[in-house]
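Scroll down for the structure; my scribbles are underneath it.
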Amino acid sequence: MTIPTAAIISYLWSSDIKELIGDDTWLDYYIHDSDSPLSRLPEATGMSYEYQNNAKFYFHYIGKNTGLKTREVDSDEEADISVFQVPGDYFVNQGNDNTIGLTSLYDSYIDILFLESDSTFDTKSTLVHEIGHSVGLRHPYGDGFNSDYTTEDTIMSYNDGYYGGPVSNLLTDADQAALKEIWGENGTNYDLRVDPTALNEDLTYSSSAPKVPRSLFLPIPPLTMPS
Ligand SMILES: [Zn+2]
């Protein structure tokens with residue numbers, strides 16, 4: 001069943017995220033790797049190169065296909081969205097026994113936490129689902145278990161598709177349409193992102209949340225398609 005975009009858009013989150021990002025519409029994301037311990041989340045472990053690349057792929061994809069421009073930054077402090085892998089017992093220790101991924105929206109930043117599942121594919125499915133939340137998507141009509149839909153319809157469903165297993169960890173047509181509804185069509189500003197001079201711009205934010213001055217913007221890393 002084709003799912004209407006309104007069923008997977010969180011208008012509340014979307015407007016909060018827009019405010020958090022600021023008028024410039026640049027979404028700065030940080031992928032936590034193992035080389036830099038983080039004081040505010042000491043449990044965070046390093047993401048494997050494969051998961052790092054997978055997360056980058058989706059942010060890159062969203063930046064390329066919607067009006068939301070995305071850019072990787074090299075520290076948690078600079079980021080609008082930070083992605084962290086946590087150990088297998090992390091959510092259990094937090095009292096959330098059945099959680100494998102979590103996206104939290106705070107006043108001036110968003111955290112994505114995920115743990116590694118038994119299969120790489122499932123872990124990637126978790127990642128793209130959480131990234132979906134982080135850019136304004138919600139579960140089908142607010143219920144991940146809504147039995148009318150599966151991951152064939154939207155990455156925001158908890159239900160596997162045919163054959164009893166997850167069929168996709170890619171954004172579906174409905175997911176892409178919903179993201180364009182939230183962020184607009186691929187903006188003309190997107191090209192600025194690959195302009196070397198644009199990478200050194202001193203961007204100002206209109207949001208009330210203080211932003212740490214940026215001194216270095218990383219260029220877009222080479223990306224590979226998730227397997
Ligand atoms: Zn969810």
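FYI, nothing fancy with the structure tokens labels: chains A, B, ... in order, residues from 1 per chain, ligands from 1 as they appear.
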### Message
At a cut-off of 9 Å and counting only C-alpha atoms and all ligand atoms, what residues surround ligand 1? Please answer as a PyMOL selection string.
### Response
chain A and resi 101-103+126+129-130+132-133+137-139+143-144+156-158
### Message
Quick one: residues within 6 Å of A:Thr150, only C-alpha atoms, excluding same-chain residues fewer than 2 positions away - as a VMD selection string?
### Response
chain A and resid 152 to 153 157 159 to 161
Write out the residues from the selection above, keeping C-alpha atoms, as a compact mmCIF listing (two decimals), in the first residue's frame.
# COMPACT_ATOMS: atom_id res chain seq x y z
CA GLU A 152 8.79 -1.65 1.51
CA ASP A 153 6.56 1.40 1.93
CA SER A 157 7.96 1.18 9.49
CA ASN A 159 7.55 -4.21 9.85
CA ASP A 160 9.62 -6.26 7.50
CA GLY A 161 8.50 -6.75 3.96
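Residues with any atom within 7 Å of stretch 169-181 of chain A, counting only C-alpha atoms and excluding same-chain neighbours fewer than 4 positions away, are Ile3, Thr5, Ile9, Thr66, Lys124, Ser125, Val128, Asp153, Thr154, Ile155 and Glu185 of chain A.
Note that the spacing between atom CA of A:Asp148 and atom CA of A:Ile8 amounts to 13.0 Å.
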Counting only C-alpha atoms, which residues of stretch 4-70 of chain A fall within 10 Å of stretch 108-115 of chain A, and what is the closest atom pair for each with its distance in Å at one decimal, ordered by chain and rising number, as a Markdown table?
| residue | atom | partner | partner_atom | distance |
| --- | --- | --- | --- | --- |
| A:Asp16 | CA | A:Ser108 | CA | 9.5 |
| A:Ile17 | CA | A:Ile110 | CA | 8.4 |
| A:Glu19 | CA | A:Ser108 | CA | 8.8 |
| A:Leu20 | CA | A:Ser108 | CA | 5.5 |
| A:Ile21 | CA | A:Ser108 | CA | 8.1 |
| A:Gly22 | CA | A:Ser108 | CA | 10.0 |
| A:Asp28 | CA | A:Tyr109 | CA | 9.9 |
| A:Tyr29 | CA | A:Ile110 | CA | 9.3 |
| A:Tyr30 | CA | A:Asp111 | CA | 9.6 |
| A:Ile31 | CA | A:Ile112 | CA | 9.7 |
| A:Ala44 | CA | A:Leu113 | CA | 8.5 |
| A:Thr45 | CA | A:Leu115 | CA | 9.5 |
| A:Met47 | CA | A:Leu115 | CA | 9.6 |
Take the residues from that selection and write them out as a CSV table (one decimal), in the first residue's frame, keeping N, CA and C atoms.
chain,number,residue,atom,x,y,z
A,16,ASP,N,10.7,22.1,14.5
A,16,ASP,CA,11.7,22.3,15.5
A,16,ASP,C,13.1,22.1,14.9
A,17,ILE,N,13.2,21.1,13.9
A,17,ILE,CA,14.5,20.9,13.3
A,17,ILE,C,14.9,22.1,12.4
A,19,GLU,N,14.1,25.1,12.9
A,19,GLU,CA,14.5,26.2,13.8
A,19,GLU,C,15.9,25.9,14.3
A,20,LEU,N,16.2,24.7,14.6
A,20,LEU,CA,17.5,24.3,15.2
A,20,LEU,C,18.6,24.5,14.1
A,21,ILE,N,18.3,24.2,12.9
A,21,ILE,CA,19.3,24.3,11.8
A,21,ILE,C,19.5,25.8,11.5
A,22,GLY,N,18.5,26.6,11.5
A,22,GLY,CA,18.7,28.0,11.2
A,22,GLY,C,18.3,28.3,9.8
A,28,ASP,N,24.5,20.5,9.6
A,28,ASP,CA,25.8,20.0,9.9
A,28,ASP,C,25.8,18.7,10.7
A,29,TYR,N,26.3,17.7,10.1
A,29,TYR,CA,26.3,16.4,10.9
A,29,TYR,C,27.7,15.9,11.2
A,30,TYR,N,27.7,15.2,12.4
A,30,TYR,CA,28.9,14.7,12.9
A,30,TYR,C,28.8,13.2,13.0
A,31,ILE,N,29.8,12.5,12.5
A,31,ILE,CA,29.8,11.0,12.6
A,31,ILE,C,30.9,10.7,13.6
A,44,ALA,N,29.9,6.1,24.0
A,44,ALA,CA,29.9,6.0,22.6
A,44,ALA,C,31.2,5.2,22.1
A,45,THR,N,31.0,4.3,21.2
A,45,THR,CA,32.1,3.6,20.6
A,45,THR,C,32.3,4.1,19.2
A,47,MET,N,32.3,4.1,15.3
A,47,MET,CA,31.6,3.4,14.2
A,47,MET,C,32.5,2.8,13.3
### Expected answer as a list in words: strand (DSSP E) residues in stretch 23-142 of chain A
Trp26, Leu27, Asp28, Tyr29, Tyr30, Ile31, Lys69, Thr70, Arg71, Glu72, Ile81, Ser82, Val83, Phe84, Gln85, Gly101, Leu102, Thr103, Ser104, Leu105, Ile110, Asp111, Ile112, Leu113 and Phe114 of chain A
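Residues of stretch 57-97 of chain A carrying a DSSP assignment of alpha helix (DSSP H), computed from the backbone, are Phe57, Tyr58, Phe59, His60, Tyr61, Ile62, Gly63, Lys64, Asn65, Tyr90, Phe91, Val92 and Asn93 of chain A.
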### Query
Between A:Trp26, A:Thr2, A:Thr120, A:Ser14, which has the minimum distance to A:Gly63 (counting only C-alpha atoms)?
A:Trp26
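The two atoms in question, atom CA of A:Pro42 and atom CA of A:His60, are spaced 27.2 Å apart.
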### Message
Give me the residues near A:Asp76 as number ranges by chain, where near means some atom within 12 Å (using only C-alpha atoms) and where sequence neighbours in that chain fewer than 2 positions away do not count.
### Response
A: 28-33, 36-41, 72-74, 78-84, 108-112, 211-212, 214
Only N, CA and C atoms, please: the residues just picked out, written as a PDB file, in the first residue's frame.
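Written out: out-v8.pdb:
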ATOM      1  N   ASP A  28      24.462  20.469   9.561  1.00  0.00           N
ATOM      2  CA  ASP A  28      25.821  20.016   9.853  1.00  0.00           C
ATOM      3  C   ASP A  28      25.757  18.733  10.669  1.00  0.00           C
ATOM      4  N   TYR A  29      26.333  17.686  10.148  1.00  0.00           N
ATOM      5  CA  TYR A  29      26.268  16.417  10.865  1.00  0.00           C
ATOM      6  C   TYR A  29      27.662  15.928  11.239  1.00  0.00           C
ATOM      7  N   TYR A  30      27.695  15.245  12.356  1.00  0.00           N
ATOM      8  CA  TYR A  30      28.949  14.703  12.871  1.00  0.00           C
ATOM      9  C   TYR A  30      28.810  13.197  13.037  1.00  0.00           C
ATOM     10  N   ILE A  31      29.757  12.474  12.517  1.00  0.00           N
ATOM     11  CA  ILE A  31      29.795  11.016  12.641  1.00  0.00           C
ATOM     12  C   ILE A  31      30.920  10.680  13.610  1.00  0.00           C
ATOM     13  N   HIS A  32      30.573  10.051  14.717  1.00  0.00           N
ATOM     14  CA  HIS A  32      31.589   9.784  15.731  1.00  0.00           C
ATOM     15  C   HIS A  32      32.444   8.567  15.353  1.00  0.00           C
ATOM     16  N   ASP A  33      33.748   8.778  15.251  1.00  0.00           N
ATOM     17  CA  ASP A  33      34.630   7.646  14.984  1.00  0.00           C
ATOM     18  C   ASP A  33      35.428   7.321  16.234  1.00  0.00           C
ATOM     19  N   SER A  36      38.203   9.663  18.724  1.00  0.00           N
ATOM     20  CA  SER A  36      37.974  10.830  19.568  1.00  0.00           C
ATOM     21  C   SER A  36      36.942  10.534  20.652  1.00  0.00           C
ATOM     22  N   PRO A  37      37.393  10.150  21.835  1.00  0.00           N
ATOM     23  CA  PRO A  37      36.461   9.909  22.942  1.00  0.00           C
ATOM     24  C   PRO A  37      35.625  11.159  23.221  1.00  0.00           C
ATOM     25  N   LEU A  38      34.410  10.950  23.655  1.00  0.00           N
ATOM     26  CA  LEU A  38      33.509  12.079  23.827  1.00  0.00           C
ATOM     27  C   LEU A  38      33.097  12.170  25.292  1.00  0.00           C
ATOM     28  N   SER A  39      33.344  13.312  25.903  1.00  0.00           N
ATOM     29  CA  SER A  39      33.075  13.417  27.337  1.00  0.00           C
ATOM     30  C   SER A  39      31.583  13.383  27.653  1.00  0.00           C
ATOM     31  N   ARG A  40      30.757  13.967  26.798  1.00  0.00           N
ATOM     32  CA  ARG A  40      29.332  14.021  27.152  1.00  0.00           C
ATOM     33  C   ARG A  40      28.623  12.690  26.917  1.00  0.00           C
ATOM     34  N   LEU A  41      29.264  11.791  26.171  1.00  0.00           N
ATOM     35  CA  LEU A  41      28.690  10.462  25.971  1.00  0.00           C
ATOM     36  C   LEU A  41      29.830   9.443  25.962  1.00  0.00           C
ATOM     37  N   GLU A  72      29.249  17.475   6.421  1.00  0.00           N
ATOM     38  CA  GLU A  72      29.888  16.832   7.556  1.00  0.00           C
ATOM     39  C   GLU A  72      30.806  17.819   8.255  1.00  0.00           C
ATOM     40  N   VAL A  73      30.755  17.822   9.591  1.00  0.00           N
ATOM     41  CA  VAL A  73      31.681  18.636  10.374  1.00  0.00           C
ATOM     42  C   VAL A  73      32.514  17.693  11.248  1.00  0.00           C
ATOM     43  N   ASP A  74      33.620  18.200  11.761  1.00  0.00           N
ATOM     44  CA  ASP A  74      34.573  17.290  12.389  1.00  0.00           C
ATOM     45  C   ASP A  74      34.492  17.262  13.906  1.00  0.00           C
ATOM     46  N   GLU A  78      30.156  21.273  16.861  1.00  0.00           N
ATOM     47  CA  GLU A  78      29.751  22.051  15.690  1.00  0.00           C
ATOM     48  C   GLU A  78      28.460  21.558  15.059  1.00  0.00           C
ATOM     49  N   ALA A  79      28.049  20.357  15.448  1.00  0.00           N
ATOM     50  CA  ALA A  79      27.039  19.665  14.655  1.00  0.00           C
ATOM     51  C   ALA A  79      25.605  20.003  15.045  1.00  0.00           C
ATOM     52  N   ASP A  80      24.724  19.990  14.070  1.00  0.00           N
ATOM     53  CA  ASP A  80      23.285  19.993  14.328  1.00  0.00           C
ATOM     54  C   ASP A  80      22.824  18.587  14.697  1.00  0.00           C
ATOM     55  N   ILE A  81      23.392  17.609  14.013  1.00  0.00           N
ATOM     56  CA  ILE A  81      23.062  16.209  14.271  1.00  0.00           C
ATOM     57  C   ILE A  81      24.346  15.423  14.494  1.00  0.00           C
ATOM     58  N   SER A  82      24.401  14.674  15.589  1.00  0.00           N
ATOM     59  CA  SER A  82      25.560  13.820  15.853  1.00  0.00           C
ATOM     60  C   SER A  82      25.107  12.367  15.875  1.00  0.00           C
ATOM     61  N   VAL A  83      25.920  11.512  15.277  1.00  0.00           N
ATOM     62  CA  VAL A  83      25.588  10.085  15.189  1.00  0.00           C
ATOM     63  C   VAL A  83      26.608   9.283  15.990  1.00  0.00           C
ATOM     64  N   PHE A  84      26.088   8.481  16.924  1.00  0.00           N
ATOM     65  CA  PHE A  84      26.955   7.700  17.804  1.00  0.00           C
ATOM     66  C   PHE A  84      26.537   6.235  17.814  1.00  0.00           C
ATOM     67  N   SER A 108      19.270  22.651  20.812  1.00  0.00           N
ATOM     68  CA  SER A 108      20.193  23.121  19.775  1.00  0.00           C
ATOM     69  C   SER A 108      20.908  22.000  19.038  1.00  0.00           C
ATOM     70  N   TYR A 109      20.543  20.783  19.314  1.00  0.00           N
ATOM     71  CA  TYR A 109      21.156  19.686  18.559  1.00  0.00           C
ATOM     72  C   TYR A 109      20.285  18.435  18.620  1.00  0.00           C
ATOM     73  N   ILE A 110      20.636  17.498  17.768  1.00  0.00           N
ATOM     74  CA  ILE A 110      19.952  16.211  17.707  1.00  0.00           C
ATOM     75  C   ILE A 110      20.993  15.117  17.864  1.00  0.00           C
ATOM     76  N   ASP A 111      20.698  14.135  18.677  1.00  0.00           N
ATOM     77  CA  ASP A 111      21.564  12.965  18.811  1.00  0.00           C
ATOM     78  C   ASP A 111      20.896  11.751  18.190  1.00  0.00           C
ATOM     79  N   ILE A 112      21.676  11.011  17.437  1.00  0.00           N
ATOM     80  CA  ILE A 112      21.247   9.695  16.968  1.00  0.00           C
ATOM     81  C   ILE A 112      22.141   8.659  17.640  1.00  0.00           C
ATOM     82  N   LYS A 211      25.899  28.983  18.620  1.00  0.00           N
ATOM     83  CA  LYS A 211      26.644  28.034  17.813  1.00  0.00           C
ATOM     84  C   LYS A 211      28.130  28.315  17.990  1.00  0.00           C
ATOM     85  N   VAL A 212      28.871  27.263  18.062  1.00  0.00           N
ATOM     86  CA  VAL A 212      30.319  27.405  18.165  1.00  0.00           C
ATOM     87  C   VAL A 212      30.855  27.876  16.816  1.00  0.00           C
ATOM     88  N   ARG A 214      32.818  28.137  13.580  1.00  0.00           N
ATOM     89  CA  ARG A 214      33.473  27.089  12.795  1.00  0.00           C
ATOM     90  C   ARG A 214      34.759  27.623  12.184  1.00  0.00           C
TER      91      ARG A 214
END
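Picture a line from atom CA of A:Leu12 to atom CA of A:Tyr106; it runs 13.2 Å.
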### Task
Please identify all polymer residues within 8 Å of A:Tyr58, counting only C-alpha atoms, omitting same-chain residues fewer than 4 positions from it, and present them as a PyMOL selection string.
chain A and resi 54+62+128+131
Keeping N, CA and C atoms, export the residues of the selection given above as a short mmCIF file (atom, residue, chain, number, x, y, z; two decimals), in the first residue's frame.
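Now in result30.cif:
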data_model
loop_
_atom_site.label_atom_id
_atom_site.label_comp_id
_atom_site.auth_asym_id
_atom_site.auth_seq_id
_atom_site.Cartn_x
_atom_site.Cartn_y
_atom_site.Cartn_z
N ASN A 54 27.83 4.58 5.55
CA ASN A 54 26.41 4.42 5.33
C ASN A 54 25.64 5.66 5.81
N ILE A 62 20.27 13.01 1.04
CA ILE A 62 19.24 13.99 1.39
C ILE A 62 19.66 15.37 0.92
N VAL A 128 19.29 4.24 8.92
CA VAL A 128 18.53 5.09 8.01
C VAL A 128 17.19 5.47 8.63
N ILE A 131 18.05 8.28 11.00
CA ILE A 131 18.36 9.48 10.21
C ILE A 131 17.05 10.07 9.67
#
